[in-house]
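Undergrad: Here's a structure for you.
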Amino acid sequence: MSRLAIYPGTFDPITNGHLDIIERACKLFDQVIVAILVNPSKAPMFSLAERIEILNAVLNSRFPQVTVETFDGLLVDYAAKRQAQAIVRGIRAISDYEYELQMALMNRRLNPAVETVFMMSAEAYSYLSSRLVKEVFSLGGSIDGLVPDLVIKRMREKLATNKRSKA
Ligand code: PNS
């Protein structure tokens, strides 16, 4: 039987920590769907269309068994619709564990057929988050090696567009 996992998230933007988890998930599952949450209540740096485009550009050539999709509503409903066996979540530090445990147990209560698999990213990414990447970048710090080069390019373009529209 082909094993399918969903790797859900906001991916605003994708970081090398996310990539590390995707690479690990590809070793365990035949197919991995990277699923972007459609969440209009958050004000993301990149629009949904931009995130889809960036994720496809970063992932398609490197991971043939990965596809990029979007979802809204309950994650477990989406996982059931896709007939996924597992939801993959990355755990960086103990601080992630409490929130992730809550989500995993709530998801299990909602649909016991979908298992959550926690994966540890490489230590080098254990402090990395999309939020910090955006903050460091917006304050002029280097994010080299923390996100794919394409993300740095797109963030620079976004900054330039924002500066132009404010000028
Ligand atoms: O990248 P993030 O922001 O940590 O991802 C969080 C995500 C998308 C996994 C979580 O917010 C989610 O699953 N949202 C979908 C709505 C849902 O199912 N909520 C109940 C979770 S117990």
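Just remember, in the structure tokens the first chain shown is A, the second B, etc., residues are 1-based per chain, and ligands are 1-based in the order shown.
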Can I get the residues close to ligand 1 as an NGL selection string, where close means within 10 Å and we count only C-alpha atoms and all ligand atoms?
TA: :A and (6-14 or 18 or 35-39 or 42 or 71-79 or 87-90 or 96 or 99-110 or 129-131)
Undergrad: With N, CA and C atoms retained, could you export that selection as a compact mmCIF listing (two decimals), in the first residue's frame?
TA:
```txt
# COMPACT_ATOMS: atom_id res chain seq x y z
N ILE A 6 0.57 14.08 5.00
CA ILE A 6 0.31 15.52 4.79
C ILE A 6 1.28 16.28 5.68
N TYR A 7 1.98 17.24 5.12
CA TYR A 7 2.83 18.14 5.92
C TYR A 7 2.18 19.53 5.85
N PRO A 8 1.39 19.88 6.87
CA PRO A 8 0.62 21.13 6.80
C PRO A 8 1.38 22.30 7.43
N GLY A 9 1.04 23.49 7.00
CA GLY A 9 1.65 24.66 7.64
C GLY A 9 1.27 25.93 6.93
N THR A 10 1.86 27.02 7.42
CA THR A 10 1.60 28.33 6.83
C THR A 10 2.64 28.65 5.75
N PHE A 11 3.87 28.21 5.98
CA PHE A 11 4.96 28.36 5.02
C PHE A 11 5.12 29.80 4.52
N ASP A 12 5.17 30.71 5.47
CA ASP A 12 5.26 32.14 5.11
C ASP A 12 6.52 32.76 5.71
N PRO A 13 7.71 32.47 5.17
CA PRO A 13 7.98 31.63 4.00
C PRO A 13 8.48 30.24 4.43
N ILE A 14 8.68 29.38 3.42
CA ILE A 14 9.31 28.09 3.70
C ILE A 14 10.76 28.35 4.14
N HIS A 18 11.90 23.62 7.34
CA HIS A 18 10.79 22.92 6.68
C HIS A 18 11.34 21.92 5.65
N ALA A 35 0.87 20.97 2.46
CA ALA A 35 -0.46 21.59 2.40
C ALA A 35 -0.44 22.95 3.11
N ILE A 36 -0.71 23.99 2.33
CA ILE A 36 -0.68 25.35 2.88
C ILE A 36 -2.07 25.70 3.40
N LEU A 37 -2.10 26.14 4.65
CA LEU A 37 -3.39 26.54 5.23
C LEU A 37 -3.85 27.86 4.62
N VAL A 38 -5.08 27.85 4.14
CA VAL A 38 -5.68 29.10 3.65
C VAL A 38 -6.26 29.79 4.87
N ASN A 39 -5.59 30.85 5.29
CA ASN A 39 -6.01 31.47 6.56
C ASN A 39 -6.14 32.98 6.40
N LYS A 42 -4.88 35.67 9.11
CA LYS A 42 -3.49 36.09 9.26
C LYS A 42 -3.13 37.01 8.10
N PHE A 71 -5.38 23.99 1.75
CA PHE A 71 -6.58 23.45 2.40
C PHE A 71 -7.16 24.50 3.32
N ASP A 72 -8.47 24.37 3.58
CA ASP A 72 -9.06 25.18 4.65
C ASP A 72 -9.97 24.27 5.47
N GLY A 73 -10.49 24.79 6.56
CA GLY A 73 -11.29 23.94 7.45
C GLY A 73 -10.38 23.07 8.29
N LEU A 74 -10.95 21.98 8.79
CA LEU A 74 -10.18 21.11 9.68
C LEU A 74 -9.13 20.31 8.92
N LEU A 75 -7.94 20.27 9.50
CA LEU A 75 -6.85 19.51 8.89
C LEU A 75 -7.20 18.02 8.77
N VAL A 76 -7.85 17.47 9.80
CA VAL A 76 -8.17 16.03 9.74
C VAL A 76 -9.18 15.72 8.63
N ASP A 77 -10.08 16.67 8.37
CA ASP A 77 -11.05 16.45 7.28
C ASP A 77 -10.32 16.42 5.94
N TYR A 78 -9.38 17.35 5.81
CA TYR A 78 -8.58 17.39 4.57
C TYR A 78 -7.75 16.11 4.44
N ALA A 79 -7.13 15.68 5.55
CA ALA A 79 -6.31 14.46 5.52
C ALA A 79 -7.17 13.24 5.14
N ILE A 87 -0.18 12.78 9.46
CA ILE A 87 0.12 14.21 9.42
C ILE A 87 1.54 14.34 9.98
N VAL A 88 2.41 15.01 9.27
CA VAL A 88 3.79 15.20 9.74
C VAL A 88 3.93 16.59 10.31
N ARG A 89 4.52 16.67 11.49
CA ARG A 89 4.84 17.98 12.07
C ARG A 89 6.29 17.96 12.56
N GLY A 90 6.97 19.06 12.36
CA GLY A 90 8.36 19.17 12.84
C GLY A 90 8.38 19.70 14.26
N ASP A 96 8.05 23.66 21.49
CA ASP A 96 7.06 23.31 20.45
C ASP A 96 6.13 22.19 20.92
N TYR A 99 2.26 22.67 22.40
CA TYR A 99 1.28 23.07 21.38
C TYR A 99 1.05 21.93 20.38
N GLU A 100 2.14 21.30 19.97
CA GLU A 100 2.01 20.22 18.98
C GLU A 100 1.26 19.02 19.57
N LEU A 101 1.53 18.74 20.84
CA LEU A 101 0.83 17.63 21.50
C LEU A 101 -0.67 17.92 21.56
N GLN A 102 -1.01 19.16 21.93
CA GLN A 102 -2.43 19.55 21.98
C GLN A 102 -3.10 19.34 20.63
N MET A 103 -2.42 19.82 19.59
CA MET A 103 -3.01 19.68 18.24
C MET A 103 -3.13 18.21 17.85
N ALA A 104 -2.07 17.45 18.13
CA ALA A 104 -2.07 16.03 17.73
C ALA A 104 -3.20 15.28 18.44
N LEU A 105 -3.38 15.56 19.73
CA LEU A 105 -4.41 14.83 20.48
C LEU A 105 -5.82 15.28 20.08
N MET A 106 -5.96 16.58 19.81
CA MET A 106 -7.26 17.05 19.33
C MET A 106 -7.57 16.43 17.97
N ASN A 107 -6.57 16.40 17.11
CA ASN A 107 -6.78 15.80 15.78
C ASN A 107 -7.11 14.31 15.91
N ARG A 108 -6.47 13.64 16.85
CA ARG A 108 -6.76 12.21 17.05
C ARG A 108 -8.19 12.01 17.54
N ARG A 109 -8.62 12.94 18.42
CA ARG A 109 -10.01 12.85 18.91
C ARG A 109 -10.98 13.04 17.75
N LEU A 110 -10.64 13.98 16.87
CA LEU A 110 -11.54 14.27 15.74
C LEU A 110 -11.55 13.15 14.72
N SER A 129 12.56 29.81 12.66
CA SER A 129 11.12 29.87 12.40
C SER A 129 10.88 30.91 11.30
N SER A 130 9.75 30.77 10.61
CA SER A 130 9.40 31.74 9.57
C SER A 130 9.28 33.14 10.18
N ARG A 131 8.72 33.20 11.38
CA ARG A 131 8.53 34.50 12.04
C ARG A 131 9.87 35.20 12.27
```
Undergrad: Just want the 12 Å neighbourhood of Ala57 of chain A, counted on only C-alpha atoms, with same-chain residues fewer than 5 positions away dropped. Output as a compact mmCIF listing (two decimals) with N, CA, C and O atoms, in the first residue's frame.
TA:
```
# COMPACT_ATOMS: atom_id res chain seq x y z
N ILE A 14 8.68 29.38 3.42
CA ILE A 14 9.31 28.09 3.70
C ILE A 14 10.76 28.35 4.14
O ILE A 14 11.43 29.25 3.61
N GLU A 50 1.56 33.34 -4.12
CA GLU A 50 3.03 33.44 -4.09
C GLU A 50 3.65 32.25 -3.36
O GLU A 50 4.67 31.71 -3.79
N ARG A 51 3.02 31.84 -2.26
CA ARG A 51 3.56 30.71 -1.51
C ARG A 51 3.47 29.41 -2.31
O ARG A 51 4.39 28.60 -2.30
N ILE A 52 2.37 29.24 -3.03
CA ILE A 52 2.24 28.05 -3.88
C ILE A 52 3.36 28.04 -4.91
O ILE A 52 4.05 27.03 -5.12
N ARG A 62 13.46 18.84 -6.69
CA ARG A 62 14.22 18.12 -5.66
C ARG A 62 13.49 16.90 -5.10
O ARG A 62 14.11 15.91 -4.74
N PHE A 63 12.17 17.01 -5.00
CA PHE A 63 11.38 15.92 -4.38
C PHE A 63 10.23 15.52 -5.30
O PHE A 63 9.13 16.06 -5.20
N PRO A 64 10.47 14.53 -6.19
CA PRO A 64 9.41 14.16 -7.15
C PRO A 64 8.15 13.63 -6.48
O PRO A 64 7.07 13.71 -7.08
N VAL A 66 6.70 14.82 -3.90
CA VAL A 66 6.01 15.87 -3.13
C VAL A 66 5.11 16.69 -4.04
O VAL A 66 5.51 17.06 -5.15
N THR A 67 3.88 16.93 -3.57
CA THR A 67 3.01 17.87 -4.29
C THR A 67 2.59 18.97 -3.32
O THR A 67 2.61 18.79 -2.10
N VAL A 68 2.23 20.11 -3.89
CA VAL A 68 1.84 21.27 -3.08
C VAL A 68 0.35 21.48 -3.27
O VAL A 68 -0.14 21.53 -4.40
N PRO A 148 15.69 28.92 1.42
CA PRO A 148 16.19 28.73 0.05
C PRO A 148 16.52 30.08 -0.59
O PRO A 148 15.89 31.10 -0.28
N ASP A 149 17.49 30.07 -1.53
CA ASP A 149 17.91 31.32 -2.18
C ASP A 149 16.73 32.04 -2.84
O ASP A 149 16.66 33.27 -2.83
N LEU A 150 15.81 31.24 -3.41
CA LEU A 150 14.65 31.86 -4.06
C LEU A 150 13.83 32.69 -3.07
O LEU A 150 13.30 33.76 -3.41
N VAL A 151 13.74 32.22 -1.84
CA VAL A 151 12.97 32.95 -0.82
C VAL A 151 13.67 34.29 -0.52
O VAL A 151 13.00 35.33 -0.40
N ARG A 154 12.86 36.59 -3.33
CA ARG A 154 11.47 37.07 -3.28
C ARG A 154 11.26 38.05 -2.12
O ARG A 154 10.48 38.99 -2.23
```
Undergrad: What lies within 9 Å of Cys26 of chain A using only C-alpha atoms, ignoring chain neighbours under 4 positions off, as a ChimeraX atom specification?
TA: /A:5,21-22,30-32,63,65-66
Undergrad: Residues of segment 60-134 of chain A classed as helix (DSSP H, G or I) by DSSP on the backbone are to be reported as a ChimeraX atom specification.
TA: /A:75-81,94-110,123-125,130-134
Undergrad: Could you jot down the atom CA of Asn162 of chain A to atom CA of Ser138 of chain A separation for me, Å, one decimal place?
TA: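 Calculated distance between atom CA of Asn162 of chain A and atom CA of Ser138 of chain A is 11.3 Å.
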Undergrad: Let's see if you can do this: from backbone DSSP, list all strand (DSSP E) residues in segment 1-70 of chain A, as a ChimeraX atom specification.
TA: /A:4-9,31-37,66-70
Undergrad: Any chance you can output those residues with N, CA and C atoms as a short mmCIF file (atom, residue, chain, number, x, y, z; two decimals), in the first residue's frame?
TA:
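Contents of selection-v5.cif, freshly written:
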```cif
data_model
loop_
_atom_site.label_atom_id
_atom_site.label_comp_id
_atom_site.auth_asym_id
_atom_site.auth_seq_id
_atom_site.Cartn_x
_atom_site.Cartn_y
_atom_site.Cartn_z
N LEU A 4 0.85 7.77 2.31
CA LEU A 4 0.74 9.21 2.02
C LEU A 4 0.73 10.02 3.33
N ALA A 5 1.54 11.06 3.36
CA ALA A 5 1.54 11.97 4.53
C ALA A 5 1.22 13.38 4.09
N ILE A 6 0.57 14.08 5.00
CA ILE A 6 0.31 15.52 4.79
C ILE A 6 1.28 16.28 5.68
N TYR A 7 1.98 17.24 5.12
CA TYR A 7 2.83 18.14 5.92
C TYR A 7 2.18 19.53 5.85
N PRO A 8 1.39 19.88 6.87
CA PRO A 8 0.62 21.13 6.80
C PRO A 8 1.38 22.30 7.43
N GLY A 9 1.04 23.49 7.00
CA GLY A 9 1.65 24.66 7.64
C GLY A 9 1.27 25.93 6.93
N GLN A 31 4.49 9.24 -0.72
CA GLN A 31 4.02 10.53 -1.24
C GLN A 31 3.85 11.50 -0.07
N VAL A 32 4.22 12.75 -0.29
CA VAL A 32 4.03 13.77 0.75
C VAL A 32 3.32 14.96 0.11
N ILE A 33 2.22 15.37 0.73
CA ILE A 33 1.55 16.59 0.27
C ILE A 33 1.92 17.72 1.23
N VAL A 34 2.56 18.74 0.70
CA VAL A 34 2.82 19.94 1.49
C VAL A 34 1.58 20.81 1.35
N ALA A 35 0.87 20.97 2.46
CA ALA A 35 -0.46 21.59 2.40
C ALA A 35 -0.44 22.95 3.11
N ILE A 36 -0.71 23.99 2.33
CA ILE A 36 -0.68 25.35 2.88
C ILE A 36 -2.07 25.70 3.40
N LEU A 37 -2.10 26.14 4.65
CA LEU A 37 -3.39 26.54 5.23
C LEU A 37 -3.85 27.86 4.62
N VAL A 66 6.70 14.82 -3.90
CA VAL A 66 6.01 15.87 -3.13
C VAL A 66 5.11 16.69 -4.04
N THR A 67 3.88 16.93 -3.57
CA THR A 67 3.01 17.87 -4.29
C THR A 67 2.59 18.97 -3.32
N VAL A 68 2.23 20.11 -3.89
CA VAL A 68 1.84 21.27 -3.08
C VAL A 68 0.35 21.48 -3.27
N GLU A 69 -0.36 21.59 -2.15
CA GLU A 69 -1.80 21.86 -2.22
C GLU A 69 -2.16 22.91 -1.17
N THR A 70 -3.42 23.34 -1.20
CA THR A 70 -3.91 24.23 -0.14
C THR A 70 -5.11 23.56 0.52
#
```
Undergrad: With only C-alpha atoms as the basis for distance, which of A:Tyr125, A:Tyr97, A:Phe118, A:Phe46 is at the shortest distance from Asp20 of chain A?
TA: A:Tyr125
Undergrad: If I take atom CA of Gln85 of chain A and atom CA of Ala113 of chain A, how far is one from the other in Å, to one decimal?
TA: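 Atom CA of Ala113 of chain A lies at a distance of 7.4 Å from atom CA of Gln85 of chain A.
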